>>> print(open('my_file08.cif').read())   # mmCIF, C-alpha atoms
data_data
loop_
_atom_site.label_atom_id
_atom_site.label_comp_id
_atom_site.auth_asym_id
_atom_site.auth_seq_id
_atom_site.Cartn_x
_atom_site.Cartn_y
_atom_site.Cartn_z
CA MET A 1 -9.12 14.18 -2.02
CA TYR A 2 -6.68 14.17 -4.94
CA ALA A 3 -4.13 16.60 -3.52
CA GLN A 4 -1.68 15.83 -6.31
CA HIS A 5 -3.96 17.68 -8.75
CA SER A 6 -3.02 20.93 -7.01
CA ALA A 7 0.73 20.52 -7.57
CA PRO A 8 2.06 23.23 -9.94
CA GLY A 9 3.45 20.75 -12.46
CA VAL A 10 0.20 18.78 -12.61
CA ARG A 11 -1.91 21.93 -12.97
CA ALA A 12 0.26 23.00 -15.92
CA VAL A 13 -0.41 19.67 -17.68
CA LEU A 14 -4.15 19.84 -16.95
CA ASP A 15 -4.30 23.41 -18.29
CA GLU A 16 -2.95 22.18 -21.64
CA LEU A 17 -5.79 19.61 -21.80
CA ALA A 18 -8.55 22.15 -21.11
CA VAL A 19 -11.37 22.06 -23.68
CA GLY A 20 -13.31 25.09 -22.47
CA ARG A 21 -14.18 27.36 -19.54
CA LEU A 22 -17.15 27.09 -17.21
CA SER A 23 -19.45 30.05 -16.82
CA THR A 24 -19.19 32.14 -13.66
CA SER A 25 -22.58 30.87 -12.46
CA ASP A 26 -21.55 27.22 -12.97
CA VAL A 27 -18.31 27.77 -11.06
CA ALA A 28 -20.19 29.35 -8.16
CA LYS A 29 -22.69 26.46 -8.08
CA LEU A 30 -19.92 23.83 -8.09
CA GLN A 31 -18.01 25.66 -5.34
CA GLU A 32 -21.15 25.72 -3.19
CA GLU A 33 -21.76 21.99 -3.70
CA LEU A 34 -18.12 21.19 -2.95
CA ALA A 35 -18.17 23.25 0.25
CA GLN A 36 -21.20 21.26 1.46
CA GLU A 37 -19.52 17.95 0.65
CA LEU A 38 -16.27 18.94 2.37
CA GLU A 39 -18.13 19.59 5.63
CA SER A 40 -17.80 15.83 6.01
CA ASP A 41 -14.03 15.41 6.34
CA PRO A 42 -13.09 12.11 4.60
CA PHE A 43 -10.07 11.84 6.94
CA ALA A 44 -12.05 12.38 10.15
CA ASN A 45 -11.98 8.67 11.05
CA ASP A 46 -8.25 8.19 10.53
CA PRO A 47 -6.42 6.72 13.58
CA LYS A 48 -5.40 9.13 16.32
CA ARG A 49 -1.64 8.91 16.17
CA GLY A 50 -0.70 11.00 19.20
CA ASN A 51 2.80 12.44 19.40
CA VAL A 52 4.49 10.82 16.40
CA GLU A 53 6.94 13.65 15.69
CA GLU A 54 9.51 12.19 18.10
CA LYS A 55 10.42 9.37 15.71
CA LEU A 56 8.70 10.40 12.48
CA LEU A 57 9.08 13.39 10.19
CA VAL A 58 5.53 14.17 9.02
CA HIS A 59 5.09 15.37 5.43
CA SER A 60 1.29 15.50 5.36
CA TYR A 61 -1.60 14.76 7.73
CA LYS A 62 -4.43 14.30 5.20
CA PRO A 63 -3.54 11.73 4.01
CA PHE A 64 -0.99 10.88 6.69
CA ASN A 65 2.52 10.44 5.32
CA ALA A 66 5.65 10.35 7.46
CA GLU A 67 9.16 8.92 7.43
CA ALA A 68 11.55 7.76 10.12
CA ARG A 69 14.00 10.30 11.42
CA ALA A 70 17.58 9.32 10.66
CA GLU A 71 18.44 8.75 14.31
CA SER A 72 15.51 6.33 14.65
CA LEU A 73 16.88 4.18 11.83
CA LEU A 74 20.43 4.28 13.18
CA LEU A 75 19.24 3.11 16.61
CA GLN A 76 16.64 0.65 15.35
CA GLN A 77 18.14 -2.60 16.68
CA HIS A 78 16.04 -4.44 19.25
CA ASP A 79 17.69 -5.64 22.45
CA ILE A 80 19.11 -9.18 22.04
CA VAL A 81 18.37 -11.57 24.89
CA ASP A 82 20.46 -14.76 24.87
CA ASP A 83 17.62 -17.11 25.89
CA ASP A 84 14.99 -15.41 23.69
CA PRO A 85 15.10 -16.66 20.07
CA ALA A 86 12.57 -14.02 18.99
CA SER A 87 14.92 -11.23 20.05
CA HIS A 88 17.63 -12.65 17.76
CA ARG A 89 15.15 -12.96 14.89
CA LEU A 90 14.03 -9.34 15.22
CA ALA A 91 17.45 -7.87 16.03
CA PHE A 92 17.69 -5.88 12.80
CA VAL A 93 13.99 -5.32 12.20
CA THR A 94 12.78 -1.72 12.27
CA PRO A 95 10.55 -1.09 15.32
CA ASN A 96 6.94 -0.55 14.30
CA ASP A 97 6.84 3.02 15.60
CA ALA A 98 9.80 3.91 13.34
CA VAL A 99 8.37 2.39 10.13
CA TYR A 100 7.50 5.03 7.55
CA VAL A 101 3.83 5.61 6.76
CA ARG A 102 2.61 6.05 3.16
CA HIS A 103 -1.08 6.72 2.52
CA HIS A 104 -2.85 7.80 -0.64
CA LEU A 105 -6.39 7.73 0.74
CA PRO A 106 -8.29 7.82 4.06
CA VAL A 107 -7.91 4.80 6.34
CA PRO A 108 -11.10 2.67 6.18
CA VAL A 109 -13.47 3.13 9.10
CA GLY A 110 -12.57 0.74 11.92
CA GLY A 111 -9.08 0.16 10.52
CA GLY A 112 -10.22 -1.86 7.53
CA PRO A 113 -11.66 -5.30 6.77
CA THR A 114 -10.66 -8.37 8.76
CA SER A 115 -11.63 -10.88 6.09
CA ILE A 116 -11.06 -11.37 2.37
CA ALA A 117 -13.32 -12.62 -0.38
CA VAL A 118 -11.94 -15.01 -2.99
CA GLY A 119 -14.70 -15.72 -5.47
CA GLU A 120 -17.54 -17.32 -3.51
CA CYS A 121 -15.28 -18.06 -0.51
CA ARG A 122 -14.51 -15.78 2.41
CA PHE A 123 -11.69 -16.16 4.93
CA ASP A 124 -11.44 -14.13 8.12
CA VAL A 125 -8.44 -13.62 10.38
CA ALA A 126 -9.48 -16.52 12.65
CA ASP A 127 -9.42 -18.86 9.62
CA LEU A 128 -6.00 -17.66 8.51
CA MET A 129 -4.53 -17.85 12.02
CA ASP A 130 -5.85 -21.40 12.52
CA GLU A 131 -2.71 -23.49 12.02
CA SER A 132 -4.79 -26.61 11.52
CA LYS A 133 -6.03 -24.96 8.28
CA PHE A 134 -3.04 -22.94 7.09
CA ARG A 135 0.66 -23.26 7.74
CA ARG A 136 2.22 -20.08 9.21
CA HIS A 137 5.05 -18.33 7.35
CA ARG A 138 7.36 -15.42 8.12
CA VAL A 139 9.13 -13.26 5.53
CA LYS A 140 11.58 -10.43 6.13
CA ALA A 141 11.56 -7.71 3.51
CA VAL A 142 13.16 -4.29 3.16
CA LEU A 143 10.46 -1.83 2.12
CA GLN A 144 11.21 1.47 0.43
CA CYS A 145 8.91 4.13 -0.95
CA SER A 146 9.75 4.84 -4.59
CA GLY A 147 10.04 8.52 -3.63
CA ASN A 148 12.70 7.95 -0.96
CA ARG A 149 15.36 10.75 -1.11
CA ARG A 150 13.22 12.73 -3.56
CA SER A 151 14.09 15.88 -1.63
CA GLU A 152 17.68 15.56 -2.90
CA ALA A 153 16.46 15.34 -6.51
CA GLN A 154 14.20 18.35 -5.92
CA ARG A 155 17.09 20.38 -4.50
CA GLU A 156 19.38 19.52 -7.41
CA ALA A 157 16.61 20.31 -9.91
CA ARG A 158 16.19 23.79 -8.42
CA GLU A 159 19.96 24.39 -8.51
CA LEU A 160 20.05 23.37 -12.19
CA GLU A 161 16.84 25.31 -12.95
CA LEU A 162 15.10 22.12 -14.08
CA PRO A 163 11.45 21.16 -13.48
CA ASP A 164 10.84 20.02 -9.90
CA PRO A 165 10.25 16.23 -9.46
CA GLN A 166 6.66 16.09 -8.22
CA GLY A 167 5.68 14.43 -4.95
CA LEU A 168 6.33 14.57 -1.24
CA PRO A 169 9.86 15.72 -0.27
CA TRP A 170 10.97 12.42 1.26
CA LYS A 171 14.43 12.47 2.81
CA GLN A 172 16.18 9.14 3.52
CA GLY A 173 13.74 7.67 6.05
CA ALA A 174 11.09 6.12 3.80
CA ILE A 175 12.70 2.71 4.22
CA ALA A 176 12.27 -0.09 6.77
CA ASN A 177 13.19 -3.71 7.40
CA VAL A 178 10.03 -5.54 8.41
CA GLU A 179 9.09 -9.13 9.26
CA TRP A 180 5.64 -10.13 8.02
CA GLU A 181 3.77 -13.12 9.40
CA GLY A 182 0.84 -14.76 7.69
CA VAL A 183 -0.10 -17.53 5.29
CA LEU A 184 0.88 -18.18 1.70
CA LEU A 185 -1.46 -16.69 -0.87
CA ALA A 186 -1.01 -19.94 -2.81
CA ASP A 187 -2.55 -21.87 0.12
CA VAL A 188 -5.48 -19.45 0.34
CA LEU A 189 -6.15 -19.72 -3.39
CA ARG A 190 -6.04 -23.51 -3.28
CA ALA A 191 -8.43 -23.52 -0.30
CA ALA A 192 -10.78 -21.44 -2.47
CA GLY A 193 -10.56 -24.01 -5.25
CA VAL A 194 -8.04 -22.26 -7.50
CA VAL A 195 -5.76 -24.94 -8.97
CA PRO A 196 -2.58 -24.34 -11.02
CA GLU A 197 -3.86 -25.58 -14.34
CA LYS A 198 -2.30 -24.15 -17.50
CA LYS A 199 -5.69 -23.11 -18.90
CA MET A 200 -6.22 -20.92 -15.82
CA VAL A 201 -2.75 -19.35 -15.90
CA THR A 202 -3.02 -18.06 -19.48
CA THR A 203 -5.88 -16.92 -21.69
CA ASN A 204 -6.77 -18.51 -25.03
CA ASP A 205 -4.81 -15.77 -26.83
CA GLY A 206 -1.69 -16.35 -24.73
CA TYR A 207 -1.89 -13.47 -22.23
CA GLU A 208 -1.07 -14.10 -18.59
CA ARG A 209 -3.95 -14.15 -16.15
CA HIS A 210 -3.52 -12.09 -13.00
CA VAL A 211 -4.76 -12.03 -9.44
CA GLN A 212 -6.14 -8.60 -8.56
CA PHE A 213 -5.90 -7.33 -4.98
CA ALA A 214 -8.39 -4.66 -3.94
CA GLY A 215 -7.97 -2.51 -0.85
CA ALA A 216 -10.90 -1.13 1.12
CA ASP A 217 -9.41 2.38 1.10
CA VAL A 218 -11.33 4.28 -1.58
CA PRO A 219 -11.75 8.01 -2.29
CA ARG A 220 -14.87 9.47 -0.66
CA VAL A 221 -16.18 13.02 -0.51
CA GLY A 222 -19.59 13.34 1.16
CA ASP A 223 -21.89 10.74 -0.40
CA TRP A 224 -19.68 10.37 -3.49
CA LYS A 225 -17.41 7.33 -3.73
CA ASP A 226 -14.94 6.59 -6.50
CA GLU A 227 -15.59 2.92 -7.30
CA THR A 228 -12.47 2.64 -9.50
CA GLY A 229 -10.10 4.68 -7.34
CA PHE A 230 -9.28 2.04 -4.71
CA TYR A 231 -5.64 1.26 -4.11
CA GLY A 232 -4.92 -2.10 -5.69
CA ALA A 233 -2.32 -4.27 -7.33
CA SER A 234 -2.07 -7.36 -9.48
CA ILE A 235 0.46 -10.11 -10.02
CA PRO A 236 0.53 -12.96 -12.54
CA LEU A 237 -1.50 -15.93 -11.34
CA ARG A 238 1.49 -18.23 -11.82
CA HIS A 239 3.43 -16.11 -9.31
CA ALA A 240 0.57 -16.21 -6.82
CA LEU A 241 0.42 -20.01 -7.00
CA ASP A 242 4.22 -20.46 -6.71
CA VAL A 243 5.00 -21.29 -3.07
CA ASN A 244 8.68 -20.45 -3.63
CA ARG A 245 7.82 -16.79 -4.20
CA GLU A 246 6.40 -16.54 -0.66
CA VAL A 247 3.54 -14.16 -1.46
CA LEU A 248 1.85 -13.67 1.91
CA VAL A 249 -1.57 -12.69 3.16
CA ALA A 250 -0.21 -11.17 6.36
CA PHE A 251 -1.84 -10.45 9.71
CA ARG A 252 1.25 -9.58 11.80
CA MET A 253 3.97 -7.02 11.29
CA SER A 254 7.19 -7.59 13.25
CA ALA A 255 5.42 -9.72 15.89
CA PHE A 256 2.54 -7.24 16.37
CA CYS A 257 -0.99 -7.99 15.19
CA ARG A 258 -2.27 -5.65 12.49
CA ASP A 259 -5.73 -4.17 12.44
CA SER A 260 -6.43 -5.54 8.96
CA LEU A 261 -5.10 -7.94 6.36
CA LEU A 262 -2.58 -7.14 3.66
CA VAL A 263 -0.91 -8.91 0.79
CA ASP A 264 2.87 -8.81 0.57
CA SER A 265 4.60 -9.89 -2.63
CA CYS A 266 8.32 -10.41 -1.98
CA GLY A 267 11.14 -11.42 -4.24
CA SER A 268 13.22 -9.15 -6.43
CA ILE A 269 10.52 -6.57 -5.71
CA CYS A 270 8.25 -5.98 -2.77
CA ASP A 271 4.80 -4.47 -2.86
CA ILE A 272 1.93 -4.21 -0.43
CA VAL A 273 -1.82 -3.70 -0.59
CA ARG A 274 -3.12 -2.83 2.87
CA HIS A 275 -6.70 -3.17 4.08
CA LEU A 276 -7.11 -6.15 1.76
CA CYS A 277 -10.76 -7.00 1.20
CA CYS A 278 -11.04 -8.83 -2.12
CA LEU A 279 -9.13 -11.05 -4.55
CA VAL A 280 -10.33 -11.42 -8.15
CA VAL A 281 -9.17 -14.70 -9.71
CA PRO A 282 -8.46 -15.29 -12.54
CA SER A 283 -8.44 -11.80 -13.95
CA LYS A 284 -6.67 -9.38 -16.25
CA GLN A 285 -3.89 -7.04 -15.23
CA ILE A 286 -5.22 -4.28 -12.98
CA SER A 287 -5.73 -0.84 -14.56
CA ASN A 288 -7.39 1.44 -11.98
CA HIS A 289 -5.63 4.77 -11.46
CA GLN A 290 -4.47 4.00 -7.88
CA SER A 291 -2.85 0.74 -8.94
CA VAL A 292 0.54 -0.89 -8.80
CA VAL A 293 1.35 -3.68 -11.25
CA VAL A 294 3.81 -6.21 -9.87
CA THR A 295 5.77 -8.39 -12.25
CA GLY A 296 8.63 -10.80 -11.74
CA ASP A 297 11.42 -8.29 -12.11
CA ARG A 298 10.09 -4.77 -11.74
CA ARG A 299 7.29 -2.62 -10.36
CA THR A 300 5.42 0.01 -12.38
CA ALA A 301 3.00 2.50 -10.91
#
>>> encode(input="my_file08.cif", output="structure tokens")
Amino acid sequence: MYAQHSAPGVRAVLDELAVGRLSTSDVAKLQEELAQELESDPFANDPKRGNVEEKLLVHSYKPFNAEARAESLLLQQHDIVDDDPASHRLAFVTPNDAVYVRHHLPVPVGGGPTSIAVGECRFDVADLMDESKFRRHRVKAVLQCSGNRRSEAQREARELELPDPQGLPWKQGAIANVEWEGVLLADVLRAAGVVPEKKMVTTNDGYERHVQFAGADVPRVGDWKDETGFYGASIPLRHALDVNREVLVAFRMSAFCRDSLLVDSCGSICDIVRHLCCLVVPSKQISNHQSVVVTGDRRTA
């Protein structure tokens, strides 16, 4: 499940933190239990992607990670039709089948949740798509994996006999220009009764309150589930309530309906939590080990 633990650099760090050695009998027992658990492949329900190698360079299948081939990005422009405004709007948007794919965990069964919980309230896709309840918004954003072009750094590190930068050997294709469509997170929070009062935005000791976003993709092996290992993010509550920041709960990607909801925080940074199932408001900054903290001017992982 945590493939990164097997990377040579990570193993070296873990070896330094070892506090003892298991007995031979304990090792054998654990290996037997693990073999039984792994009979149930946690990635078995991932989407069947067919022949993706034509446009994508696949780096791993479990979890699935792939980037656009260079020629796909160079030829990404949609056809422009004079009497079709949508074709002009999407002219320089990366086609969906050429958008890079970055997964840390198995895709939730069924493609993920189609509703989100905000406190005691719950909103499903039908609610969010109802324009009598929520105004529709579109936001274009260039997405890039933080490891884009890592393969170049890895090559230079080997030439200079330096430690290898750890991670997938992304080339230059982990980047895409995407148009998201959805509703403002600020509108969803207000519909759930969250109002922009100063006492809600900061704590009594002056710390900023955050909105936590929890994805439904969590580590599972057999019957075991890591309750704290979900992929999540958090942003300051004042950012979430600021309509000018255009933080979206999105249900369409470049004019195509998605199979689940996501939150997209755009501005000087851009971050996404897919398979969105829950918002925790107000809350502290997120700290689970599969998290991304989004602030006004930078992203830390």
>>> atom_distance(input="my_file08.cif", atom1="atom CA of Glu67 of chain A", atom2="atom CA of Pro169 of chain A")
10.3 Å
>>> atom_distance(input="my_file08.cif", atom1="atom CA of Glu33 of chain A", atom2="atom CA of Leu14 of chain A")
22.1 Å
>>> resolve_selection(input="my_file08.cif", expression="the PyMOL selection byres ((chain A and resi 140) around 8)", output="list in words")
Arg138, Val139, Ala141, Val142, Asn177, Val178, Glu179 and Trp180 of chain A
>>> atom_distance(input="my_file08.cif", atom1="atom CA of Asp130 of chain A", atom2="atom CA of Ala186 of chain A")
16.1 Å
>>> resolve_selection(input="my_file08.cif", expression="the PyMOL selection byres ((chain A and resi 143) around 6)", output="PyMOL selection string")
chain A and resi 142+144+175-176
>>> residues_near_point(input="my_file08.cif", point="(1.6, -15.7, 3.7)", cutoff="10 Å", atoms="only C-alpha atoms", output="ChimeraX atom specification")
/A:128,134-139,180-188,243,246-251,262-265
>>> closest_atom_pairs(input="my_file08.cif", of="segment 85-148 of chain A", to="segment 44-47 of chain A", cutoff="7 Å", atoms="only C-alpha atoms", output="Markdown table")
| residue | atom | partner | partner_atom | distance |
| --- | --- | --- | --- | --- |
| A:Pro106 | CA | A:Asp46 | CA | 6.5 |
| A:Val107 | CA | A:Asp46 | CA | 5.4 |
| A:Val109 | CA | A:Asn45 | CA | 6.1 |
>>> residues_around(input="my_file08.cif", residues="Lys48 of chain A", least_positions_apart="3", cutoff="12 Å", atoms="all atoms listed in the file", output="count of residues only")
10
>>> residues_near_point(input="my_file08.cif", point="(8.1, 13.2, -4.4)", cutoff="10 Å", atoms="all atoms listed in the file", output="MDAnalysis selection string")
chainID A and resid 145:154 164:171
>>> closest_residue(input="my_file08.cif", among="A:Cys121, A:Arg209, A:Asp217, A:Pro163", to="Val10 of chain A", atoms="only C-alpha atoms")
A:Pro163
